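J.: Sending over run_22.txt (compact mmCIF, C-alpha atoms and all ligand atoms).
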```txt
# COMPACT_ATOMS: atom_id res chain seq x y z
CA MET A 74 -7.53 15.99 35.47
CA LYS A 75 -4.51 14.94 37.55
CA TRP A 76 -5.46 17.29 40.38
CA LEU A 77 -8.98 15.81 40.48
CA LEU A 78 -7.52 12.31 40.83
CA ALA A 79 -5.16 13.51 43.57
CA VAL A 80 -8.00 15.20 45.50
CA SER A 81 -10.22 12.08 45.18
CA LEU A 82 -7.40 9.79 46.32
CA GLY A 83 -6.60 12.11 49.24
CA TYR A 84 -10.25 12.20 50.30
CA CYS A 85 -10.60 8.40 50.05
CA SER A 86 -7.44 7.90 52.13
CA PHE A 87 -8.78 10.34 54.71
CA LEU A 88 -12.09 8.41 54.91
CA ILE A 89 -10.29 5.05 55.23
CA LEU A 90 -7.97 6.39 57.92
CA ARG A 91 -10.87 7.92 59.84
CA TYR A 92 -12.72 4.58 59.63
CA ILE A 93 -9.71 2.62 60.92
CA LEU A 94 -8.93 5.06 63.74
CA ARG A 95 -12.52 5.61 64.98
CA LYS A 96 -12.93 5.13 68.70
CA ARG A 97 -15.28 2.54 70.14
CA ILE A 98 -17.00 2.88 73.52
CA LEU A 99 -18.60 -0.45 74.41
CA ILE A 100 -22.20 -0.43 75.59
CA ARG A 101 -21.76 -3.58 77.70
CA GLY A 102 -23.00 -3.06 81.25
CA LYS A 103 -24.34 0.47 80.63
CA THR A 104 -27.75 1.81 81.67
CA VAL A 105 -30.03 2.16 78.64
CA LEU A 106 -33.56 3.58 78.50
CA ILE A 107 -35.69 2.43 75.55
CA THR A 108 -39.13 3.82 74.66
CA GLY A 109 -41.59 1.61 72.78
CA ALA A 110 -39.96 -1.57 74.07
CA SER A 111 -43.14 -3.68 74.04
CA SER A 112 -42.80 -4.71 70.38
CA GLY A 113 -40.86 -4.47 67.13
CA LEU A 114 -37.55 -2.64 67.06
CA GLY A 115 -37.69 -1.54 70.71
CA GLU A 116 -38.16 -5.14 71.86
CA ALA A 117 -35.32 -6.33 69.60
CA LEU A 118 -33.03 -3.62 71.01
CA ALA A 119 -33.96 -4.69 74.54
CA ARG A 120 -33.02 -8.32 73.78
CA CYS A 121 -29.70 -7.37 72.15
CA LEU A 122 -28.74 -4.98 74.95
CA PHE A 123 -29.77 -7.41 77.71
CA ARG A 124 -27.35 -9.96 76.22
CA ARG A 125 -24.67 -7.27 76.75
CA GLN A 126 -25.66 -7.11 80.43
CA CYS A 127 -27.09 -3.60 80.23
CA GLN A 128 -29.39 -2.27 82.95
CA LEU A 129 -32.52 -1.72 80.89
CA ILE A 130 -35.31 0.75 81.57
CA LEU A 131 -38.21 -0.14 79.31
CA LEU A 132 -41.14 2.15 78.54
CA ALA A 133 -44.46 1.46 76.77
CA ARG A 134 -48.22 1.44 77.37
CA ARG A 135 -48.69 -2.36 77.18
CA TYR A 136 -47.28 -3.34 80.57
CA ASP A 137 -48.18 -7.02 80.18
CA ARG A 138 -45.88 -7.20 77.15
CA LEU A 139 -43.04 -5.52 79.03
CA GLU A 140 -43.50 -7.94 81.93
CA ARG A 141 -43.48 -10.95 79.61
CA LEU A 142 -40.31 -9.71 77.92
CA SER A 143 -38.57 -9.04 81.23
CA GLN A 144 -39.54 -12.47 82.57
CA GLU A 145 -38.26 -14.18 79.43
CA LEU A 146 -34.96 -12.27 79.58
CA MET A 147 -34.43 -13.07 83.26
CA GLU A 148 -35.13 -16.76 82.67
CA SER A 149 -32.43 -16.80 80.00
CA HIS A 150 -29.81 -15.10 82.24
CA PRO A 151 -30.95 -14.95 85.90
CA THR A 152 -27.81 -13.12 87.10
CA TYR A 153 -28.03 -10.21 84.63
CA PRO A 154 -29.54 -6.87 85.77
CA LYS A 155 -33.34 -7.08 85.95
CA PRO A 156 -35.03 -4.63 83.54
CA LYS A 157 -36.98 -1.80 85.16
CA LEU A 158 -40.41 -1.29 83.60
CA VAL A 159 -42.46 1.87 83.19
CA GLN A 160 -46.02 1.91 81.92
CA ILE A 161 -46.53 5.27 80.27
CA ASP A 162 -48.48 6.90 77.46
CA LEU A 163 -45.78 9.07 75.92
CA SER A 164 -48.22 10.88 73.65
CA GLN A 165 -49.24 12.74 76.85
CA PHE A 166 -45.82 14.38 76.54
CA ASP A 167 -46.65 17.17 78.98
CA GLN A 168 -47.23 14.58 81.72
CA ILE A 169 -44.01 12.58 81.35
CA ALA A 170 -42.46 14.28 84.37
CA SER A 171 -45.49 13.34 86.50
CA SER A 172 -44.80 9.61 86.15
CA ALA A 173 -43.67 8.73 89.68
CA THR A 174 -42.16 5.41 88.52
CA LEU A 175 -40.07 7.08 85.83
CA MET A 176 -38.96 9.94 88.07
CA ASN A 177 -37.90 7.48 90.82
CA ILE A 178 -35.84 5.51 88.33
CA LEU A 179 -34.22 8.66 86.95
CA GLN A 180 -33.36 9.66 90.50
CA GLN A 181 -31.59 6.33 91.16
CA GLU A 182 -29.99 5.65 87.78
CA SER A 183 -27.54 7.62 85.65
CA ILE A 184 -28.70 7.02 82.09
CA ASP A 185 -25.83 6.30 79.69
CA CYS A 186 -28.01 5.93 76.61
CA VAL A 187 -31.59 6.94 75.73
CA ILE A 188 -33.18 5.30 72.70
CA ASN A 189 -36.19 7.35 71.60
CA ASN A 190 -37.87 4.60 69.62
CA ALA A 191 -41.66 4.74 70.31
CA GLY A 192 -43.52 5.79 67.21
CA ILE A 193 -46.73 5.44 65.21
CA SER A 194 -47.38 5.73 61.50
CA GLN A 195 -50.32 6.33 59.16
CA ARG A 196 -51.73 4.95 55.93
CA SER A 197 -53.84 7.82 54.60
CA SER A 198 -53.68 10.71 52.18
CA VAL A 199 -53.39 14.28 53.44
CA LEU A 200 -57.09 14.94 52.71
CA SER A 201 -58.39 11.86 54.48
CA THR A 202 -56.20 12.14 57.59
CA PRO A 203 -58.16 13.77 60.43
CA ILE A 204 -56.26 16.54 62.15
CA GLU A 205 -56.62 14.56 65.43
CA LEU A 206 -54.47 11.80 63.94
CA VAL A 207 -51.89 14.33 62.74
CA ASN A 208 -51.84 15.66 66.31
CA GLU A 209 -51.43 12.14 67.77
CA ILE A 210 -48.53 11.35 65.42
CA PHE A 211 -46.71 14.57 66.28
CA ARG A 212 -47.36 14.22 70.02
CA LEU A 213 -45.72 10.81 70.11
CA ASN A 214 -43.14 10.88 67.30
CA TYR A 215 -41.83 14.38 67.94
CA LEU A 216 -43.07 16.18 71.08
CA SER A 217 -42.64 13.23 73.47
CA LEU A 218 -39.12 12.66 72.10
CA VAL A 219 -38.26 16.30 72.77
CA ALA A 220 -39.82 16.25 76.26
CA LEU A 221 -38.09 13.02 77.34
CA THR A 222 -34.75 14.10 75.88
CA LYS A 223 -34.91 17.42 77.75
CA LEU A 224 -35.81 15.67 81.00
CA ILE A 225 -32.97 13.15 80.83
CA LEU A 226 -30.37 15.52 79.37
CA THR A 227 -30.93 17.97 82.22
CA LYS A 228 -29.99 15.20 84.69
CA ILE A 229 -27.00 14.10 82.60
CA ILE A 230 -25.68 17.65 82.51
CA GLU A 231 -26.35 18.26 86.24
CA ARG A 232 -24.41 15.08 87.08
CA LYS A 233 -21.60 16.08 84.70
CA GLN A 234 -21.88 12.61 83.20
CA LYS A 235 -19.54 11.80 80.32
CA ASN A 236 -20.08 9.94 77.03
CA ALA A 237 -23.89 9.69 77.22
CA VAL A 238 -25.71 9.01 73.95
CA ILE A 239 -29.15 10.13 72.74
CA VAL A 240 -30.41 7.87 69.95
CA ASN A 241 -33.38 9.13 67.96
CA ILE A 242 -35.08 6.56 65.78
CA SER A 243 -36.20 8.38 62.67
CA SER A 244 -36.89 6.66 59.34
CA LEU A 245 -35.84 6.77 55.73
CA GLN A 246 -39.09 8.74 55.47
CA GLY A 247 -37.47 11.34 57.69
CA LEU A 248 -35.19 12.05 54.72
CA ILE A 249 -37.55 11.45 51.79
CA ALA A 250 -41.35 11.57 51.94
CA VAL A 251 -43.68 9.14 50.16
CA PRO A 252 -47.43 9.40 49.46
CA ASP A 253 -49.90 8.49 52.27
CA ARG A 254 -47.35 9.10 55.02
CA SER A 255 -47.42 12.93 55.12
CA SER A 256 -47.61 13.43 58.89
CA TYR A 257 -45.42 10.44 59.76
CA SER A 258 -42.80 11.66 57.33
CA ALA A 259 -43.07 15.27 58.56
CA SER A 260 -42.70 14.14 62.20
CA LYS A 261 -39.56 12.17 61.30
CA HIS A 262 -38.13 15.15 59.34
CA ALA A 263 -38.69 17.14 62.53
CA VAL A 264 -36.75 14.50 64.53
CA GLN A 265 -33.85 14.81 62.08
CA ALA A 266 -33.74 18.62 62.37
CA PHE A 267 -34.12 18.56 66.17
CA SER A 268 -31.26 16.06 66.47
CA ASP A 269 -28.92 18.09 64.24
CA SER A 270 -29.52 21.26 66.29
CA LEU A 271 -29.14 19.41 69.60
CA ARG A 272 -25.89 17.73 68.48
CA MET A 273 -24.31 21.08 67.60
CA GLU A 274 -25.52 22.72 70.82
CA LEU A 275 -24.12 19.92 73.01
CA ARG A 276 -20.76 19.95 71.24
CA GLU A 277 -20.53 23.70 71.60
CA GLU A 278 -21.80 24.07 75.18
CA TYR A 279 -20.62 20.88 76.94
CA PRO A 280 -17.54 19.70 75.03
CA GLU A 281 -15.96 18.21 78.17
CA GLN A 282 -18.90 15.81 78.64
CA ASN A 283 -18.58 14.32 75.15
CA LEU A 284 -22.35 13.91 74.73
CA HIS A 285 -23.50 12.33 71.50
CA VAL A 286 -26.64 12.44 69.35
CA CYS A 287 -27.23 9.65 66.86
CA VAL A 288 -30.09 9.65 64.33
CA VAL A 289 -31.10 6.32 62.84
CA SER A 290 -33.02 6.26 59.56
CA PRO A 291 -34.05 2.72 58.71
CA SER A 292 -36.00 1.52 55.70
CA TYR A 293 -38.85 -0.98 56.21
CA ILE A 294 -38.58 -3.32 59.19
CA ARG A 295 -40.82 -6.34 59.84
CA THR A 296 -42.78 -5.07 62.88
CA GLU A 297 -46.32 -4.18 63.92
CA LEU A 298 -45.98 -0.56 62.72
CA GLY A 299 -47.87 -0.94 59.42
CA GLN A 300 -50.64 -3.08 60.89
CA GLN A 301 -51.14 -0.63 63.77
CA ALA A 302 -51.30 2.23 61.25
CA MET A 303 -53.93 0.43 59.15
CA SER A 304 -56.10 -0.17 62.21
CA ARG A 305 -55.94 3.52 63.11
CA LEU A 306 -58.14 4.64 60.22
CA ASN A 307 -61.00 3.02 58.32
CA THR A 308 -61.35 4.57 54.89
CA SER A 309 -62.26 3.16 51.52
CA GLU A 310 -58.95 4.39 50.10
CA SER A 311 -56.50 1.79 48.98
CA HIS A 312 -52.98 2.22 50.24
CA ALA A 313 -49.68 0.95 49.05
CA GLN A 314 -48.50 -1.66 51.54
CA ASP A 315 -45.01 -1.70 52.91
CA ASN A 316 -42.79 -3.78 50.73
CA HIS A 317 -42.22 -6.57 53.21
CA SER A 318 -40.27 -8.81 50.87
CA SER A 319 -37.36 -6.38 51.20
CA ALA A 320 -38.04 -5.45 54.84
CA TYR A 321 -35.32 -5.97 57.45
CA GLU A 322 -35.63 -8.16 60.52
CA ALA A 323 -35.79 -6.06 63.71
CA ASP A 324 -32.80 -7.93 65.19
CA TYR A 325 -30.61 -6.99 62.23
CA VAL A 326 -31.51 -3.29 62.60
CA ALA A 327 -31.01 -3.45 66.39
CA GLU A 328 -27.46 -4.81 65.99
CA LYS A 329 -26.66 -2.05 63.46
CA ILE A 330 -27.93 0.56 65.94
CA ILE A 331 -25.78 -0.83 68.75
CA LYS A 332 -22.72 -0.67 66.51
CA ALA A 333 -23.58 2.95 65.63
CA ILE A 334 -23.88 3.80 69.34
CA GLU A 335 -20.52 2.20 70.16
CA TYR A 336 -18.76 4.01 67.29
CA ARG A 337 -20.53 7.31 68.09
CA GLU A 338 -21.96 7.74 64.60
CA ASP A 339 -24.05 10.87 63.93
CA ASP A 340 -26.30 9.59 61.15
CA VAL A 341 -27.06 6.01 60.26
CA ILE A 342 -29.09 5.11 57.20
CA ILE A 343 -30.09 1.45 57.17
CA ALA A 344 -31.47 0.91 53.70
CA PRO A 345 -30.79 -0.93 50.43
CA PHE A 346 -28.61 0.91 47.93
CA GLN A 347 -31.46 1.86 45.54
CA GLN A 348 -33.36 3.53 48.39
CA LYS A 349 -30.25 5.47 49.41
CA ILE A 350 -30.08 6.74 45.82
CA GLY A 351 -33.60 8.11 46.39
CA ILE A 352 -32.18 10.56 48.97
CA TRP A 353 -29.65 11.82 46.44
CA LEU A 354 -32.29 11.97 43.69
CA ARG A 355 -34.70 14.00 45.87
CA ARG A 356 -31.97 16.58 46.45
CA PHE A 357 -30.49 16.87 42.96
CA TRP A 358 -33.38 15.88 40.65
CA PRO A 359 -36.63 16.34 42.60
CA GLU A 360 -38.85 16.17 39.51
CA GLY A 361 -37.50 12.72 38.64
CA PHE A 362 -37.87 11.56 42.25
CA PHE A 363 -41.54 12.61 42.43
CA LYS A 364 -42.36 10.83 39.14
CA LEU A 365 -40.63 7.68 40.34
CA MET A 366 -42.41 7.67 43.70
CA ILE A 367 -45.85 8.22 42.13
CA ALA A 368 -45.22 5.31 39.75
CA ARG A 369 -44.02 3.12 42.62
CA ASN A 370 -47.07 3.96 44.71
CA ARG A 371 -49.44 3.08 41.84
CA ARG A 372 -47.63 -0.21 41.33
CA LEU A 373 -47.82 -1.12 45.04
CA LYS A 374 -51.52 -0.15 45.22
CA ARG A 375 -52.30 -2.43 42.26
CA LYS A 376 -50.67 -5.31 44.14
CA THR A 377 -52.94 -4.85 47.22
N1 LIG B 401 -41.31 -0.73 60.97
C1 LIG B 401 -40.74 0.02 60.06
O1 LIG B 401 -40.80 -0.26 58.85
C2 LIG B 401 -39.94 1.23 60.49
C3 LIG B 401 -39.10 1.84 59.54
C4 LIG B 401 -38.37 2.96 59.91
C5 LIG B 401 -38.47 3.46 61.20
N2 LIG B 401 -39.31 2.84 62.10
C6 LIG B 401 -39.41 3.44 63.43
O2 LIG B 401 -39.05 2.47 64.40
C7 LIG B 401 -39.68 2.80 65.65
C8 LIG B 401 -40.27 1.55 66.26
O3 LIG B 401 -41.37 1.13 65.47
P1 LIG B 401 -41.66 -0.41 65.17
O4 LIG B 401 -41.52 -0.59 63.71
O5 LIG B 401 -40.94 -1.27 66.08
O6 LIG B 401 -43.25 -0.43 65.46
P2 LIG B 401 -44.11 -1.18 66.57
O7 LIG B 401 -43.79 -2.63 66.58
O8 LIG B 401 -45.52 -0.76 66.30
O9 LIG B 401 -43.60 -0.55 67.94
C9 LIG B 401 -43.98 0.74 68.35
C10 LIG B 401 -43.69 0.88 69.83
O10 LIG B 401 -44.09 2.20 70.23
C11 LIG B 401 -44.87 2.10 71.41
N3 LIG B 401 -45.88 3.15 71.49
C12 LIG B 401 -46.86 3.44 70.60
N4 LIG B 401 -47.63 4.43 71.06
C13 LIG B 401 -47.14 4.76 72.28
C14 LIG B 401 -47.52 5.71 73.26
N5 LIG B 401 -48.56 6.53 73.10
N6 LIG B 401 -46.79 5.78 74.42
C15 LIG B 401 -45.74 4.94 74.62
N7 LIG B 401 -45.33 4.04 73.73
C16 LIG B 401 -46.03 3.95 72.57
C17 LIG B 401 -45.55 0.74 71.31
O11 LIG B 401 -45.86 0.26 72.62
P3 LIG B 401 -47.32 0.29 73.27
O12 LIG B 401 -48.32 0.15 72.18
O13 LIG B 401 -47.29 -0.86 74.22
O14 LIG B 401 -47.40 1.60 73.98
C18 LIG B 401 -44.47 -0.10 70.68
O15 LIG B 401 -43.64 -0.65 71.67
C19 LIG B 401 -40.70 3.89 65.33
O16 LIG B 401 -40.19 5.14 65.72
C20 LIG B 401 -40.82 3.84 63.82
O17 LIG B 401 -41.18 5.08 63.27
C21 LIG B 401 -40.03 1.74 61.77
```
Show me this structure written as structure tokens.
Ligand SMILES: NC(=O)c1ccc[n+]([C@@H]2O[C@H](COP(=O)([O-])OP(=O)(O)OC[C@H]3O[C@@H](n4cnc5c(N)ncnc54)[C@H](OP(=O)(O)O)[C@@H]3O)[C@@H](O)[C@H]2O)c1
T.:
Amino acid sequence: MKWLLAVSLGYCSFLILRYILRKRILIRGKTVLITGASSGLGEALARCLFRRQCQLILLARRYDRLERLSQELMESHPTYPKPKLVQIDLSQFDQIASSATLMNILQQESIDCVINNAGISQRSSVLSTPIELVNEIFRLNYLSLVALTKLILTKIIERKQKNAVIVNISSLQGLIAVPDRSSYSASKHAVQAFSDSLRMELREEYPEQNLHVCVVSPSYIRTELGQQAMSRLNTSESHAQDNHSSAYEADYVAEKIIKAIEYREDDVIIAPFQQKIGIWLRRFWPEGFFKLMIARNRRLKRKT
């Protein structure tokens, strides 16, 4: 028993020491590219990073929204670097490199941080989700993230740039799946696996460049994601709505992400304690987890 106590104490001291001694690389004044910056989390990240005087490169399809955001930011701080805007449909992942605007920017700017944030979700069972929607979800949530990461990383490595960070916005559903989100959840699981492989490869092959990969897995955030997903499919099925009473504000999540970038964290789970327990439950008592999630889904469906 004594040895168990000694090992636990030793491990706790190690964790505390590691926490105290962790290095921080400030993001202030760095060049940051954010996908899906026209709303929700991407927009919140843009606001928080602009306040830190970052040179922003903002990507989305709705250019009018990007322009409005940029104008608002510049009015608040006219001397800060003006965001550069790129209108692009990232789901056409094989055409990312043919965007002249993006390629010009990448030629001029050394990107210190890429935040792969653009994403879409679903509200439909496996049987009622058309394969075209599955394809669309994977094209944006996974394939475009891979394509853009490869494009930017190649430049970072060619320039022998140090301390660059790739941030991949996954989801709690990239760690545990729930009903009616099969493809969304699968695409986010893919992001998690891709990021883990990439992190190990970069550490092994380019140790001198100190490149970092950070995966962020947030729980529900108050954004347009759910509404957009509902409008994507008209079925008579009823779906459990996101539990918005416990949802986070996008600004809160954005600040947590910035802290994770500065402290070079590998994995960040932004979720209430009971949802974090779900991850543990899925691994060590899957049967119990499935029963709990089915019951929760029924309860949420009854409420809608
Ligand atoms: N909201 C949540 O509860 C939650 C929880 C965990 C993780 N997340 C993740 O957080 C990220 C941001 O989502 P959000 O909640 O902020 O949702 P959101 O408000 O709907 O924002 C999604 C962003 O993605 C962009 N986008 C969508 N399709 C695109 C395309 N084909 N090409 C380029 N950009 C595209 C949208 O811009 P345009 O429409 O202008 O192109 C928008 O800026 C997503 O990866 C999502 O999976 C969200």
J.: With only C-alpha atoms counted and 9 Å as the cut-off, give the residues of stretch 311-361 of chain A in contact with stretch 239-258 of chain A, each with its shortest interatomic distance in Å and the pair that gives it, as CSV.
T.:
```
residue,atom,partner,partner_atom,distance
A:His312,CA,A:Asp253,CA,7.3
A:Ala313,CA,A:Asp253,CA,8.2
A:Ile330,CA,A:Val240,CA,8.7
A:Ile334,CA,A:Val240,CA,7.7
A:Ile342,CA,A:Leu245,CA,7.1
A:Ile343,CA,A:Leu245,CA,8.0
A:Ala344,CA,A:Leu245,CA,7.6
A:Gln348,CA,A:Leu245,CA,8.4
A:Lys349,CA,A:Leu245,CA,8.5
A:Gly351,CA,A:Ile249,CA,7.5
A:Ile352,CA,A:Ile249,CA,6.1
A:Arg355,CA,A:Ile249,CA,7.0
```
J.: So, counting only C-alpha atoms and all ligand atoms, which residue among A:Leu114, A:Ala79, A:Ile331, A:Leu175 is closest to ligand LIG 401 (chain B)?
T.: A:Leu114
J.: A:Leu122, A:Met147, A:Val289, A:Leu271: which is nearest ligand LIG 401 (chain B), counting all atoms listed in the file?
T.: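 Going through A:Leu122, A:Met147, A:Val289, A:Leu271 one by one, the smallest distance to ligand LIG 401 (chain B) is for A:Val289.
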J.: Please identify every residue of chain A that has at least one atom no farther than 7 Å from an atom of ligand LIG 401 (chain B), counting all atoms listed in the file, and for each give the shortest atom pair and the distance in Å to one decimal, arranged by chain then increasing number, as a tab-separated table.
T.:
```
residue	atom	partner	partner_atom	distance
A:Thr108	CA	B:LIG401	N7	6.3
A:Gly109	CA	B:LIG401	O15	3.2
A:Ala110	CA	B:LIG401	O15	4.5
A:Ser111	CA	B:LIG401	O15	3.9
A:Ser112	CA	B:LIG401	O15	4.3
A:Gly113	CA	B:LIG401	O5	3.4
A:Leu114	CA	B:LIG401	O5	3.8
A:Gly115	CA	B:LIG401	O5	5.7
A:Leu132	CA	B:LIG401	N7	6.7
A:Ala133	CA	B:LIG401	O14	4.1
A:Arg134	CA	B:LIG401	O14	3.5
A:Arg135	CA	B:LIG401	O13	3.6
A:Tyr136	CA	B:LIG401	O13	6.8
A:Ile161	CA	B:LIG401	C15	5.7
A:Asp162	CA	B:LIG401	N6	3.7
A:Leu163	CA	B:LIG401	N6	3.8
A:Ser164	CA	B:LIG401	N5	4.4
A:Asn190	CA	B:LIG401	O16	4.6
A:Ala191	CA	B:LIG401	O10	3.5
A:Gly192	CA	B:LIG401	O16	3.7
A:Ile193	CA	B:LIG401	C12	5.8
A:Ser194	CA	B:LIG401	O17	6.5
A:Leu213	CA	B:LIG401	N5	5.9
A:Asn214	CA	B:LIG401	O16	6.6
A:Ile242	CA	B:LIG401	O16	5.3
A:Ser243	CA	B:LIG401	C5	5.6
A:Ser244	CA	B:LIG401	C5	4.0
A:Leu245	CA	B:LIG401	C4	6.2
A:Ser290	CA	B:LIG401	C4	6.3
A:Pro291	CA	B:LIG401	C4	4.5
A:Ser292	CA	B:LIG401	C3	4.9
A:Tyr293	CA	B:LIG401	O1	3.4
A:Ile294	CA	B:LIG401	O1	3.8
A:Arg295	CA	B:LIG401	N1	5.7
A:Thr296	CA	B:LIG401	O7	4.5
A:Glu297	CA	B:LIG401	O7	4.0
A:Leu298	CA	B:LIG401	O8	3.6
A:Gly299	CA	B:LIG401	N1	6.7
A:Gln301	CA	B:LIG401	O8	6.2
```
J.: Which residue is closest to A:Cys127? Choose from A:Arg101, A:Arg356, A:Lys75, A:Arg141 and count only C-alpha atoms.
T.: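 Checking each candidate against A:Cys127, we get A:Arg101 as the closest.
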J.: Report, in Å with one decimal, the straight-line distance from atom CA of A:Ala170 to atom CA of A:Glu277.
T.: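 These atoms are spaced 27.1 Å apart.
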J.: Name the closest residue to A:Val105 among the candidates A:Ala119, A:Leu158, A:Leu218, A:Met273; distances are taken between atoms, counting all atoms listed in the file.
T.: A:Ala119
J.: What separation in Å, quoted to one decimal, exists between atom CA of A:Leu106 and atom CA of A:Ser268?
T.: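 These atoms are spaced 17.5 Å apart.
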J.: Set the distance at 12 Å and use all atoms listed in the file: which residues neighbour A:Phe123 once local chain neighbours fewer than 4 positions away are removed? I'd like the list as an NGL selection string.
T.: :A and (100-107 or 116-119 or 127-131 or 142-143 or 145-157 or 331)
J.: If you count only C-alpha atoms, which residues fall within 9 Å of stretch 337-341 of chain A, apart from same-chain ones fewer than 3 positions away, as a list in words?
T.: Arg95, Lys96, Arg97, Ile98, Val238, Asp269, Arg272, His285, Val286, Cys287, Val288, Val289, Ser290, Pro291, Lys329, Ile330, Lys332, Ala333 and Ile334 of chain A
J.: Take the residues from that selection and write them out as a PDB file, keeping the file's coordinate frame, keeping C-alpha atoms.
T.:
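In the end it all went to part-v6.pdb:
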```pdb
ATOM      1  CA  ARG A  95     -12.520   5.610  64.980  1.00  0.00           C
ATOM      2  CA  LYS A  96     -12.930   5.130  68.700  1.00  0.00           C
ATOM      3  CA  ARG A  97     -15.280   2.540  70.140  1.00  0.00           C
ATOM      4  CA  ILE A  98     -17.000   2.880  73.520  1.00  0.00           C
ATOM      5  CA  VAL A 238     -25.710   9.010  73.950  1.00  0.00           C
ATOM      6  CA  ASP A 269     -28.920  18.090  64.240  1.00  0.00           C
ATOM      7  CA  ARG A 272     -25.890  17.730  68.480  1.00  0.00           C
ATOM      8  CA  HIS A 285     -23.500  12.330  71.500  1.00  0.00           C
ATOM      9  CA  VAL A 286     -26.640  12.440  69.350  1.00  0.00           C
ATOM     10  CA  CYS A 287     -27.230   9.650  66.860  1.00  0.00           C
ATOM     11  CA  VAL A 288     -30.090   9.650  64.330  1.00  0.00           C
ATOM     12  CA  VAL A 289     -31.100   6.320  62.840  1.00  0.00           C
ATOM     13  CA  SER A 290     -33.020   6.260  59.560  1.00  0.00           C
ATOM     14  CA  PRO A 291     -34.050   2.720  58.710  1.00  0.00           C
ATOM     15  CA  LYS A 329     -26.660  -2.050  63.460  1.00  0.00           C
ATOM     16  CA  ILE A 330     -27.930   0.560  65.940  1.00  0.00           C
ATOM     17  CA  LYS A 332     -22.720  -0.670  66.510  1.00  0.00           C
ATOM     18  CA  ALA A 333     -23.580   2.950  65.630  1.00  0.00           C
ATOM     19  CA  ILE A 334     -23.880   3.800  69.340  1.00  0.00           C
TER      20      ILE A 334
END
```
J.: How big is the axis-aligned box around all listed atoms of stretch 273-281 of chain A once 8 Å goes on each side, and where's its centre, in Å to one decimal, as AutoDock Vina command-line options?
T.:
```
--center_x -20.7 --center_y 21.1 --center_z 72.9 --size_x 25.6 --size_y 21.9 --size_z 26.6
```
J.: Could you state the separation of atom CA of A:Asp167 and atom CA of A:Lys233 in Å, given to one decimal place?
T.: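 Rounded to one decimal, the two atoms are 25.7 Å apart.
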J.: Which residue is closest to A:Met176? Choose from A:Leu206, A:Met366, A:Ala220, A:Ile225 and count only C-alpha atoms.
T.: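 Closest candidate: A:Ile225.
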